[in-house]
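Everything on this sheet refers to the single structure shown next.
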Amino acid sequence: MRSITFATLLLASAFAQVAAAEDFGYSGKLLLTGGVSQIEGAGGGGLTPWALIGGYGTRDQIGGNAFYTRVNVDDYALDVYGLKVGFYDRLELSFARQSFDTRDVGAALGLGEGFDFEQDIYGAKLRVAGDAVYEQSSWLPQVALGILHKRNNRGAVIQAIGGEDDQGTDVYLSATKLFLGQSLLLNGTVRWTEANQIGILGFGGDRASGSLELEGSAAYLLDRNLVVGAEFRSKPDQLGIAGEDLWWDVFLAWAPNKHLAITLAYVDLGNVVIADNQRGAYLSMQVGF
Amino acid sequence: MTQTILLRSLCALALMCSQAVGSQEAASPAPLPPDPAPAFPELKPVFDQFGGKPGLKLLMDDFMVRLLADARMHTFFEKVEHDRVKRELAEQFCVILGGDCVYSGRDMVAAHEGFIITAADFNRLVEILQVSMDARDIPERAQNALIAKLAPMHREIITPD
């Protein structure tokens, strides 16, 4: 309930500011230069946050978007929806709700078929240096510092499998550079996290509690509307009974205009609890300004 | 505890980065605005993809029509001498792309004096240029190679806050 209120306030404040702004109706950033919505709601690629501020607002404007993402792998499904607001190309605030469906695995573990974990994620990201798009004469990337505060609704199950907590906070530093002359975008992210399977299985574990992880994205601009790329994301491995692997994906993002973006990907989530080689499709839709 | 330490070091790192960028900008005295038409001889193949000098002239004819038809750009271009601006833009792009031209216009600060230009205005012009380049069938990679050389001029063109 609190998250819904927070989300509504966020969106209402964005619309109020946009309506008050002189530039009503025209969002000034170039197409796709706010990224799409990554799986935790931050502006980025599919799995990884980028240093870009979400939405199409320039340094004088507010931008924002809402998204829905579905990941369908062999034994599980993940639904995510959320929204983000970018203030003056400087600060991004986001909210996302993840719902992880355990399908038959839930039954096998005695949780019940279709048992699901829900997680709310509150994000904030601040651009601290550089400009990934404008500064084409420099090698310096755009750098942003972000946090993702996560609250999982299955504390009892998390404790039963060896997790320490049902909430936690990731802190990350992202560096993103658009090499426009080469039509290439590169991103690197370093993240400190205690999350098991990005928090769906809680935070901390019997084997370890917290580590620095590395994430990377490379994207090629086929044309202004179409980007193809790949990402990887390393993760901690803290639960004795549920090992986890690096995630990776290859994606295609299409933005016919500044109000719509559709991302299709093939993802490999490795082992998730008792099921190995979790691979499948990722589909995400984003609407905004 | 670990989290606090990490957060602090990340903040410190971020601050260093931003100071590094800041001091770099502050260090250059820059009494003269940067060269508005730096030559990149390696972009000669891109110049050819633009159709050389005649191609740039046709591009500017198309571009000016679209600028004047755009609600946001109209105010900036309605009162300028269209033939002069088109000629200077063609010269500027020609020099940048390694063509055999001389740029006869002013530097980017002087050329935009008297206008209040926002980041959104700057980007809108880029978008219209992209539409014109599409209309001239200029390949995406060639378009991006040119825009990459124009993008840093945002410092001189966009009106500071």
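Chain lettering (A, B, ...) mirrors the order of the structure tokens, residue numbering begins at 1 for each chain separately, and ligand numbering begins at 1 in order of display.
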Per-residue DSSP, chain B, filtered to helix (DSSP H, G or I), as number ranges by chain: B: 2-27, 41-49, 52-69, 71-77, 82-96, 108-111, 119-135, 140-157
Quick one: residues within 9 Å of region 257-268 of chain A, only C-alpha atoms, excluding same-chain residues fewer than 2 positions away - as a PyMOL selection string? chain A and resi 27+29-32+36+45-46+55-56+65+69+71-73+225+230+246-255+270+277-289
Residue subset to file, keeping N, CA and C atoms, as a short mmCIF file (atom, residue, chain, number, x, y, z; two decimals), in the first residue's frame:
data_model
loop_
_atom_site.label_atom_id
_atom_site.label_comp_id
_atom_site.auth_asym_id
_atom_site.auth_seq_id
_atom_site.Cartn_x
_atom_site.Cartn_y
_atom_site.Cartn_z
N SER A 27 9.78 16.53 -25.17
CA SER A 27 10.85 16.03 -24.32
C SER A 27 12.13 16.03 -25.14
N LYS A 29 15.48 15.11 -24.88
CA LYS A 29 16.62 14.21 -25.08
C LYS A 29 16.48 13.44 -26.38
N LEU A 30 17.59 13.06 -26.96
CA LEU A 30 17.56 12.29 -28.21
C LEU A 30 17.06 10.87 -27.95
N LEU A 31 16.52 10.28 -29.00
CA LEU A 31 15.88 8.98 -28.89
C LEU A 31 16.81 7.93 -28.24
N LEU A 32 16.27 7.19 -27.30
CA LEU A 32 16.93 6.10 -26.59
C LEU A 32 18.09 6.52 -25.68
N VAL A 36 16.49 2.07 -21.47
CA VAL A 36 15.19 1.46 -21.23
C VAL A 36 15.11 1.13 -19.74
N GLY A 45 19.90 -1.07 -19.29
CA GLY A 45 19.63 -2.07 -20.31
C GLY A 45 18.52 -2.97 -19.78
N GLY A 46 18.72 -4.28 -19.93
CA GLY A 46 17.72 -5.22 -19.44
C GLY A 46 18.02 -5.67 -18.02
N GLY A 55 14.09 8.50 -18.87
CA GLY A 55 13.15 9.49 -19.38
C GLY A 55 13.83 10.41 -20.39
N TYR A 56 13.04 11.27 -21.00
CA TYR A 56 13.55 12.13 -22.07
C TYR A 56 13.72 13.58 -21.66
N ASN A 65 8.78 7.48 -17.18
CA ASN A 65 8.11 6.41 -17.91
C ASN A 65 7.63 5.31 -16.97
N THR A 69 7.67 -5.69 -17.60
CA THR A 69 8.64 -6.65 -18.12
C THR A 69 8.24 -8.06 -17.71
N VAL A 71 9.81 -12.04 -17.80
CA VAL A 71 10.91 -12.94 -18.11
C VAL A 71 10.36 -14.36 -17.95
N ASN A 72 10.46 -15.11 -19.02
CA ASN A 72 9.90 -16.46 -19.02
C ASN A 72 11.02 -17.45 -19.26
N VAL A 73 11.51 -18.11 -18.20
CA VAL A 73 12.56 -19.10 -18.40
C VAL A 73 11.97 -20.50 -18.17
N ASN A 225 16.40 4.09 -34.13
CA ASN A 225 15.31 3.45 -33.41
C ASN A 225 15.64 2.07 -32.88
N ALA A 230 24.40 -6.85 -25.77
CA ALA A 230 24.56 -7.98 -24.86
C ALA A 230 24.96 -7.45 -23.49
N LEU A 246 26.16 -16.38 -12.78
CA LEU A 246 26.16 -15.13 -13.54
C LEU A 246 24.97 -15.13 -14.50
N TRP A 247 24.37 -13.97 -14.69
CA TRP A 247 23.30 -13.82 -15.67
C TRP A 247 23.85 -13.15 -16.92
N TRP A 248 23.32 -13.50 -18.07
CA TRP A 248 23.67 -12.76 -19.28
C TRP A 248 22.49 -12.73 -20.25
N ASP A 249 22.54 -11.82 -21.17
CA ASP A 249 21.47 -11.74 -22.16
C ASP A 249 21.98 -11.11 -23.45
N VAL A 250 21.26 -11.36 -24.52
CA VAL A 250 21.43 -10.59 -25.76
C VAL A 250 20.09 -9.93 -26.03
N PHE A 251 20.11 -8.65 -26.43
CA PHE A 251 18.84 -7.93 -26.54
C PHE A 251 18.72 -7.11 -27.81
N LEU A 252 17.48 -6.78 -28.11
CA LEU A 252 17.15 -5.90 -29.21
C LEU A 252 16.16 -4.89 -28.64
N ALA A 253 16.50 -3.61 -28.70
CA ALA A 253 15.59 -2.58 -28.19
C ALA A 253 15.14 -1.70 -29.34
N TRP A 254 13.84 -1.47 -29.40
CA TRP A 254 13.27 -0.70 -30.50
C TRP A 254 12.43 0.43 -29.94
N ALA A 255 12.71 1.64 -30.38
CA ALA A 255 11.92 2.80 -29.96
C ALA A 255 11.42 3.52 -31.20
N GLY A 270 21.14 -19.11 -15.55
CA GLY A 270 21.90 -20.18 -14.89
C GLY A 270 21.03 -21.00 -13.96
N ASN A 277 20.29 -24.21 -15.64
CA ASN A 277 20.18 -23.70 -17.02
C ASN A 277 18.85 -23.03 -17.32
N GLN A 278 18.52 -22.04 -16.54
CA GLN A 278 17.25 -21.33 -16.75
C GLN A 278 17.41 -20.31 -17.87
N ARG A 279 16.94 -20.67 -19.04
CA ARG A 279 17.05 -19.79 -20.20
C ARG A 279 15.68 -19.50 -20.77
N GLY A 280 15.57 -18.37 -21.42
CA GLY A 280 14.28 -18.07 -22.04
C GLY A 280 14.18 -16.65 -22.56
N ALA A 281 12.94 -16.20 -22.66
CA ALA A 281 12.67 -14.92 -23.30
C ALA A 281 12.42 -13.83 -22.29
N TYR A 282 12.80 -12.64 -22.68
CA TYR A 282 12.61 -11.42 -21.88
C TYR A 282 11.90 -10.44 -22.78
N LEU A 283 10.78 -9.91 -22.31
CA LEU A 283 10.03 -8.94 -23.11
C LEU A 283 9.70 -7.75 -22.21
N SER A 284 10.01 -6.57 -22.67
CA SER A 284 9.75 -5.39 -21.87
C SER A 284 9.15 -4.28 -22.71
N MET A 285 8.16 -3.59 -22.13
CA MET A 285 7.53 -2.48 -22.83
C MET A 285 7.58 -1.27 -21.93
N GLN A 286 7.97 -0.14 -22.50
CA GLN A 286 8.08 1.09 -21.74
C GLN A 286 7.31 2.22 -22.44
N VAL A 287 6.50 2.92 -21.67
CA VAL A 287 5.82 4.08 -22.24
C VAL A 287 6.15 5.30 -21.38
N GLY A 288 6.34 6.43 -22.02
CA GLY A 288 6.71 7.60 -21.24
C GLY A 288 6.97 8.82 -22.08
N PHE A 289 7.76 9.73 -21.51
CA PHE A 289 8.04 10.98 -22.20
C PHE A 289 9.40 11.48 -21.74
#
Compute the set of chain A residues within 7 Å of chain B, using only C-alpha atoms, and express it as a compact mmCIF listing (two decimals) with C-alpha atoms, in the first residue's frame.
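iface14.txt, written as the output of this step:
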# COMPACT_ATOMS: atom_id res chain seq x y z
CA GLY A 28 14.23 17.13 -25.48
CA LYS A 29 16.62 14.21 -25.08
CA LEU A 30 17.56 12.29 -28.21
CA THR A 58 16.94 17.46 -20.60
CA ARG A 59 18.80 19.49 -17.97
CA VAL A 128 27.79 12.75 -10.63
CA ALA A 129 30.03 13.41 -13.64
CA TYR A 134 27.35 15.31 -25.66
CA GLU A 135 30.99 14.88 -24.69
CA GLN A 136 32.01 13.12 -27.89
CA SER A 137 35.46 14.73 -27.92
CA LEU A 180 28.66 7.96 -31.46
CA GLY A 181 31.24 7.90 -34.25
CA SER A 183 27.61 3.77 -33.09
CA ASP A 223 19.82 2.94 -36.49
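For the atom pair formed by CA of Arg151 (chain A) and CA of Gln119 (chain A), the distance is 5.4 Å, given to one decimal.
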Which residues come within 12 Å of Met108 (chain B), counting only C-alpha atoms, excluding same-chain residues fewer than 5 positions away, as a PDB file with N, CA and C atoms, in the first residue's frame?
ATOM      1  N   LEU B  32      39.806  32.303 -26.190  1.00  0.00           N
ATOM      2  CA  LEU B  32      39.243  32.176 -27.529  1.00  0.00           C
ATOM      3  C   LEU B  32      38.321  30.974 -27.574  1.00  0.00           C
ATOM      4  N   PRO B  33      37.137  31.118 -28.196  1.00  0.00           N
ATOM      5  CA  PRO B  33      36.256  29.956 -28.339  1.00  0.00           C
ATOM      6  C   PRO B  33      36.929  28.914 -29.237  1.00  0.00           C
ATOM      7  N   PRO B  34      36.584  27.635 -29.045  1.00  0.00           N
ATOM      8  CA  PRO B  34      37.198  26.585 -29.844  1.00  0.00           C
ATOM      9  C   PRO B  34      36.923  26.778 -31.341  1.00  0.00           C
ATOM     10  N   ASP B  35      37.789  26.176 -32.146  1.00  0.00           N
ATOM     11  CA  ASP B  35      37.660  26.207 -33.598  1.00  0.00           C
ATOM     12  C   ASP B  35      36.269  25.689 -33.999  1.00  0.00           C
ATOM     13  N   PRO B  36      35.479  26.518 -34.668  1.00  0.00           N
ATOM     14  CA  PRO B  36      34.128  26.080 -35.053  1.00  0.00           C
ATOM     15  C   PRO B  36      34.151  25.049 -36.184  1.00  0.00           C
ATOM     16  N   ALA B  37      35.277  24.949 -36.867  1.00  0.00           N
ATOM     17  CA  ALA B  37      35.342  24.014 -37.992  1.00  0.00           C
ATOM     18  C   ALA B  37      36.665  23.251 -38.006  1.00  0.00           C
ATOM     19  N   PRO B  38      36.867  22.404 -36.997  1.00  0.00           N
ATOM     20  CA  PRO B  38      38.097  21.608 -36.980  1.00  0.00           C
ATOM     21  C   PRO B  38      38.045  20.553 -38.084  1.00  0.00           C
ATOM     22  N   GLU B  88      27.242  28.750 -44.855  1.00  0.00           N
ATOM     23  CA  GLU B  88      28.214  28.581 -43.764  1.00  0.00           C
ATOM     24  C   GLU B  88      28.128  27.190 -43.139  1.00  0.00           C
ATOM     25  N   LEU B  89      26.916  26.691 -42.994  1.00  0.00           N
ATOM     26  CA  LEU B  89      26.769  25.334 -42.443  1.00  0.00           C
ATOM     27  C   LEU B  89      27.389  24.300 -43.380  1.00  0.00           C
ATOM     28  N   GLN B  92      31.081  24.578 -43.000  1.00  0.00           N
ATOM     29  CA  GLN B  92      31.514  24.030 -41.709  1.00  0.00           C
ATOM     30  C   GLN B  92      31.539  22.501 -41.753  1.00  0.00           C
ATOM     31  N   TYR B 103      35.808  27.628 -44.038  1.00  0.00           N
ATOM     32  CA  TYR B 103      34.644  28.093 -43.288  1.00  0.00           C
ATOM     33  C   TYR B 103      34.729  29.602 -43.141  1.00  0.00           C
ATOM     34  N   GLU B 113      25.107  34.325 -30.506  1.00  0.00           N
ATOM     35  CA  GLU B 113      24.912  35.424 -29.567  1.00  0.00           C
ATOM     36  C   GLU B 113      23.508  36.019 -29.741  1.00  0.00           C
ATOM     37  N   PHE B 115      20.741  34.705 -28.783  1.00  0.00           N
ATOM     38  CA  PHE B 115      19.696  33.682 -28.682  1.00  0.00           C
ATOM     39  C   PHE B 115      19.762  32.999 -27.319  1.00  0.00           C
ATOM     40  N   LEU B 150      29.969  17.355 -34.050  1.00  0.00           N
ATOM     41  CA  LEU B 150      29.205  18.571 -33.752  1.00  0.00           C
ATOM     42  C   LEU B 150      28.801  18.633 -32.280  1.00  0.00           C
ATOM     43  N   PRO B 152      30.191  18.185 -29.311  1.00  0.00           N
ATOM     44  CA  PRO B 152      30.915  18.962 -28.294  1.00  0.00           C
ATOM     45  C   PRO B 152      30.652  20.463 -28.374  1.00  0.00           C
ATOM     46  N   MET B 153      30.125  20.951 -29.511  1.00  0.00           N
ATOM     47  CA  MET B 153      29.844  22.384 -29.648  1.00  0.00           C
ATOM     48  C   MET B 153      28.691  22.827 -28.762  1.00  0.00           C
ATOM     49  N   HIS B 154      28.040  21.866 -28.090  1.00  0.00           N
ATOM     50  CA  HIS B 154      26.949  22.221 -27.160  1.00  0.00           C
ATOM     51  C   HIS B 154      27.444  23.228 -26.129  1.00  0.00           C
ATOM     52  N   ARG B 155      28.733  23.145 -25.775  1.00  0.00           N
ATOM     53  CA  ARG B 155      29.284  24.046 -24.737  1.00  0.00           C
ATOM     54  C   ARG B 155      29.197  25.506 -25.168  1.00  0.00           C
ATOM     55  N   GLU B 156      29.428  25.746 -26.461  1.00  0.00           N
ATOM     56  CA  GLU B 156      29.392  27.134 -26.955  1.00  0.00           C
ATOM     57  C   GLU B 156      27.976  27.549 -27.364  1.00  0.00           C
ATOM     58  N   ILE B 157      27.150  26.564 -27.760  1.00  0.00           N
ATOM     59  CA  ILE B 157      25.852  26.896 -28.365  1.00  0.00           C
ATOM     60  C   ILE B 157      24.733  27.029 -27.328  1.00  0.00           C
ATOM     61  N   ILE B 158      24.665  26.064 -26.403  1.00  0.00           N
ATOM     62  CA  ILE B 158      23.592  26.121 -25.399  1.00  0.00           C
ATOM     63  C   ILE B 158      23.879  27.254 -24.414  1.00  0.00           C
ATOM     64  N   THR B 159      22.872  28.082 -24.162  1.00  0.00           N
ATOM     65  CA  THR B 159      23.032  29.211 -23.250  1.00  0.00           C
ATOM     66  C   THR B 159      23.244  28.690 -21.832  1.00  0.00           C
TER      67      THR B 159
END
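Atom pair CA of Glu231 (chain A) / CA of Thr102 (chain A): separated by 24.6 Å.
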Compile the contact shell of Lys53 (chain B) as a PyMOL selection string: residues with an atom at most 10 Å away, counting only C-alpha atoms, same-chain residues fewer than 3 positions apart removed. chain B and resi 47-48+50+56-59+90-91+93-94+99-101
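With CA of Tyr122 (chain A) on one side and CA of Ala96 (chain A) on the other, the separation reads 6.7 Å.
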Any idea what's packed within 7 Å of region 209-221 of chain A, counting only C-alpha atoms, ignoring anything in its chain fewer than 6 positions away? Could you give it as a list in words?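 Once the adjacent positions are removed, what remains is Thr48, Ser183, Leu184, Leu185, Leu186, Asn187, Gly188, Thr189, Val190, Arg191, Trp192, Thr193, Glu194, Val227, Val228, Gly229, Ala230, Glu231, Phe232, Arg233, Ser234, Lys235, Pro236 and Gln238 of chain A.
Take the candidates A:Ala195, A:Ala132, A:Val80, A:Ile53 and check each one against Gln167 (chain A) using only C-alpha atoms; the shortest distance goes to A:Ala195.
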Find the residue from B:Gln49, B:Asp134, B:Leu125, B:Pro160 that sits nearest to Met73 (chain B); use only C-alpha atoms when measuring. B:Leu125
With only C-alpha atoms as the counted atoms, please give the residues lying no more than 9 Å from Asp70 (chain B), apart from itself and same-chain residues fewer than 5 positions off, as a PyMOL selection string. chain B and resi 65+75+128
With C-alpha atoms retained, could you export that selection as a JSON list (two decimals), in the first residue's frame?
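So the final result, stored in out.json, reads:
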[["chain", "number", "residue", "atom", "x", "y", "z"],
["B", 65, "VAL", "CA", 13.03, 24.20, -45.12],
["B", 75, "THR", "CA", 11.94, 31.48, -34.12],
["B", 128, "ILE", "CA", 15.76, 17.75, -37.73]]
Enumerate, as a PyMOL selection string, the complete set of residues in region 71-280 of chain A that a backbone-based DSSP assignment places in strand (DSSP E or B). chain A and resi 71-73+77-87+91-101+116-129+142-152+165+167-179+184-193+195+203+211-223+226-233+247-257+260-268+272+275+279-280
Restricted to C-alpha atoms, what would the selected residues look like written as a compact mmCIF listing (two decimals), in the first residue's frame?
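Contents of part35.txt, as written:
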# COMPACT_ATOMS: atom_id res chain seq x y z
CA VAL A 71 10.91 -12.94 -18.11
CA ASN A 72 9.90 -16.46 -19.02
CA VAL A 73 12.56 -19.10 -18.40
CA ALA A 77 8.44 -16.56 -14.63
CA LEU A 78 9.23 -13.07 -13.41
CA ASP A 79 6.84 -10.15 -13.85
CA VAL A 80 8.01 -6.64 -13.13
CA TYR A 81 6.20 -3.38 -13.42
CA GLY A 82 7.19 0.05 -12.28
CA LEU A 83 7.90 3.64 -13.09
CA LYS A 84 10.66 6.15 -12.95
CA VAL A 85 11.04 9.89 -13.09
CA GLY A 86 14.16 11.69 -14.29
CA PHE A 87 14.68 15.17 -12.87
CA LEU A 91 18.41 12.56 -10.56
CA GLU A 92 16.33 9.48 -11.26
CA LEU A 93 13.79 8.08 -8.80
CA SER A 94 12.21 4.73 -9.50
CA PHE A 95 9.84 2.15 -8.12
CA ALA A 96 9.41 -1.44 -9.28
CA ARG A 97 7.41 -4.42 -8.10
CA GLN A 98 8.68 -7.86 -8.97
CA SER A 99 6.63 -11.01 -8.79
CA PHE A 100 8.50 -14.29 -9.14
CA ASP A 101 6.38 -17.33 -9.94
CA ASP A 116 5.34 -16.47 -5.64
CA PHE A 117 7.86 -14.10 -4.11
CA GLU A 118 7.08 -10.41 -4.34
CA GLN A 119 9.63 -7.69 -4.00
CA ASP A 120 9.30 -3.89 -4.02
CA ILE A 121 12.32 -1.89 -5.14
CA TYR A 122 12.84 1.81 -4.47
CA GLY A 123 15.64 3.30 -6.53
CA ALA A 124 17.55 6.55 -6.68
CA LYS A 125 20.34 7.42 -9.08
CA LEU A 126 22.42 10.59 -9.22
CA ARG A 127 24.53 11.62 -12.19
CA VAL A 128 27.79 12.75 -10.63
CA ALA A 129 30.03 13.41 -13.64
CA GLN A 142 28.95 9.63 -17.70
CA VAL A 143 29.15 8.41 -14.12
CA ALA A 144 26.22 7.85 -11.79
CA LEU A 145 25.85 6.61 -8.24
CA GLY A 146 22.72 4.67 -7.42
CA ILE A 147 20.92 2.77 -4.68
CA LEU A 148 18.19 0.15 -4.90
CA HIS A 149 16.35 -0.56 -1.66
CA LYS A 150 14.51 -3.88 -1.82
CA ARG A 151 11.75 -5.33 0.35
CA ASN A 152 10.73 -8.93 -0.07
CA ASP A 165 17.03 -10.75 5.87
CA GLN A 167 15.23 -6.51 2.91
CA GLY A 168 18.46 -5.03 1.69
CA THR A 169 20.02 -2.19 -0.24
CA ASP A 170 22.26 -2.41 -3.30
CA VAL A 171 24.68 0.43 -4.00
CA TYR A 172 26.14 0.83 -7.47
CA LEU A 173 28.42 3.01 -9.53
CA SER A 174 27.79 3.02 -13.28
CA ALA A 175 29.91 4.45 -16.07
CA THR A 176 28.31 4.78 -19.50
CA LYS A 177 29.79 6.10 -22.72
CA LEU A 178 28.23 6.53 -26.13
CA PHE A 179 30.87 6.32 -28.87
CA LEU A 184 28.60 1.96 -29.91
CA LEU A 185 27.44 2.28 -26.30
CA LEU A 186 29.42 0.74 -23.46
CA ASN A 187 28.48 0.48 -19.81
CA GLY A 188 30.21 -0.87 -16.74
CA THR A 189 28.60 -1.14 -13.32
CA VAL A 190 30.12 -2.08 -9.97
CA ARG A 191 27.54 -3.07 -7.40
CA TRP A 192 27.75 -3.86 -3.72
CA THR A 193 24.92 -6.21 -2.86
CA ALA A 195 20.89 -9.92 -2.51
CA PHE A 203 19.54 -10.99 1.50
CA SER A 211 30.04 -8.69 -2.10
CA LEU A 212 31.12 -6.44 -4.93
CA GLU A 213 29.77 -7.55 -8.29
CA LEU A 214 30.51 -6.48 -11.84
CA GLU A 215 28.06 -5.85 -14.66
CA GLY A 216 28.60 -4.86 -18.24
CA SER A 217 26.69 -3.93 -21.37
CA ALA A 218 27.67 -3.32 -24.96
CA ALA A 219 25.16 -2.05 -27.49
CA TYR A 220 25.39 -1.27 -31.17
CA LEU A 221 23.11 1.35 -32.74
CA LEU A 222 21.71 -0.26 -35.88
CA ASP A 223 19.82 2.94 -36.49
CA LEU A 226 17.01 0.10 -33.05
CA VAL A 227 19.78 -1.09 -30.77
CA VAL A 228 21.24 -4.58 -30.46
CA GLY A 229 23.42 -5.58 -27.54
CA ALA A 230 24.56 -7.98 -24.86
CA GLU A 231 24.93 -7.82 -21.10
CA PHE A 232 26.30 -9.81 -18.22
CA ARG A 233 25.77 -9.48 -14.51
CA TRP A 247 23.30 -13.82 -15.67
CA TRP A 248 23.67 -12.76 -19.28
CA ASP A 249 21.47 -11.74 -22.16
CA VAL A 250 21.43 -10.59 -25.76
CA PHE A 251 18.84 -7.93 -26.54
CA LEU A 252 17.15 -5.90 -29.21
CA ALA A 253 15.59 -2.58 -28.19
CA TRP A 254 13.27 -0.70 -30.50
CA ALA A 255 11.92 2.80 -29.96
CA PRO A 256 9.63 3.98 -32.77
CA ASN A 257 9.30 7.33 -30.94
CA LEU A 260 7.37 3.81 -26.60
CA ALA A 261 10.24 1.33 -26.33
CA ILE A 262 10.08 -2.43 -26.68
CA THR A 263 12.93 -4.67 -25.62
CA LEU A 264 13.23 -8.32 -26.57
CA ALA A 265 15.99 -10.49 -25.15
CA TYR A 266 17.23 -13.99 -24.75
CA VAL A 267 18.36 -14.47 -21.15
CA ASP A 268 20.38 -17.11 -19.34
CA VAL A 272 17.87 -20.90 -9.86
CA ALA A 275 16.61 -25.89 -11.53
CA ARG A 279 17.05 -19.79 -20.20
CA GLY A 280 14.28 -18.07 -22.04
Fewer than 5 positions away in the same chain doesn't count, so skip those; otherwise give me all residues within 8 Å of region 78-87 of chain B, counting only C-alpha atoms, as an NGL selection string. :B and (57 or 60-61 or 64 or 68)
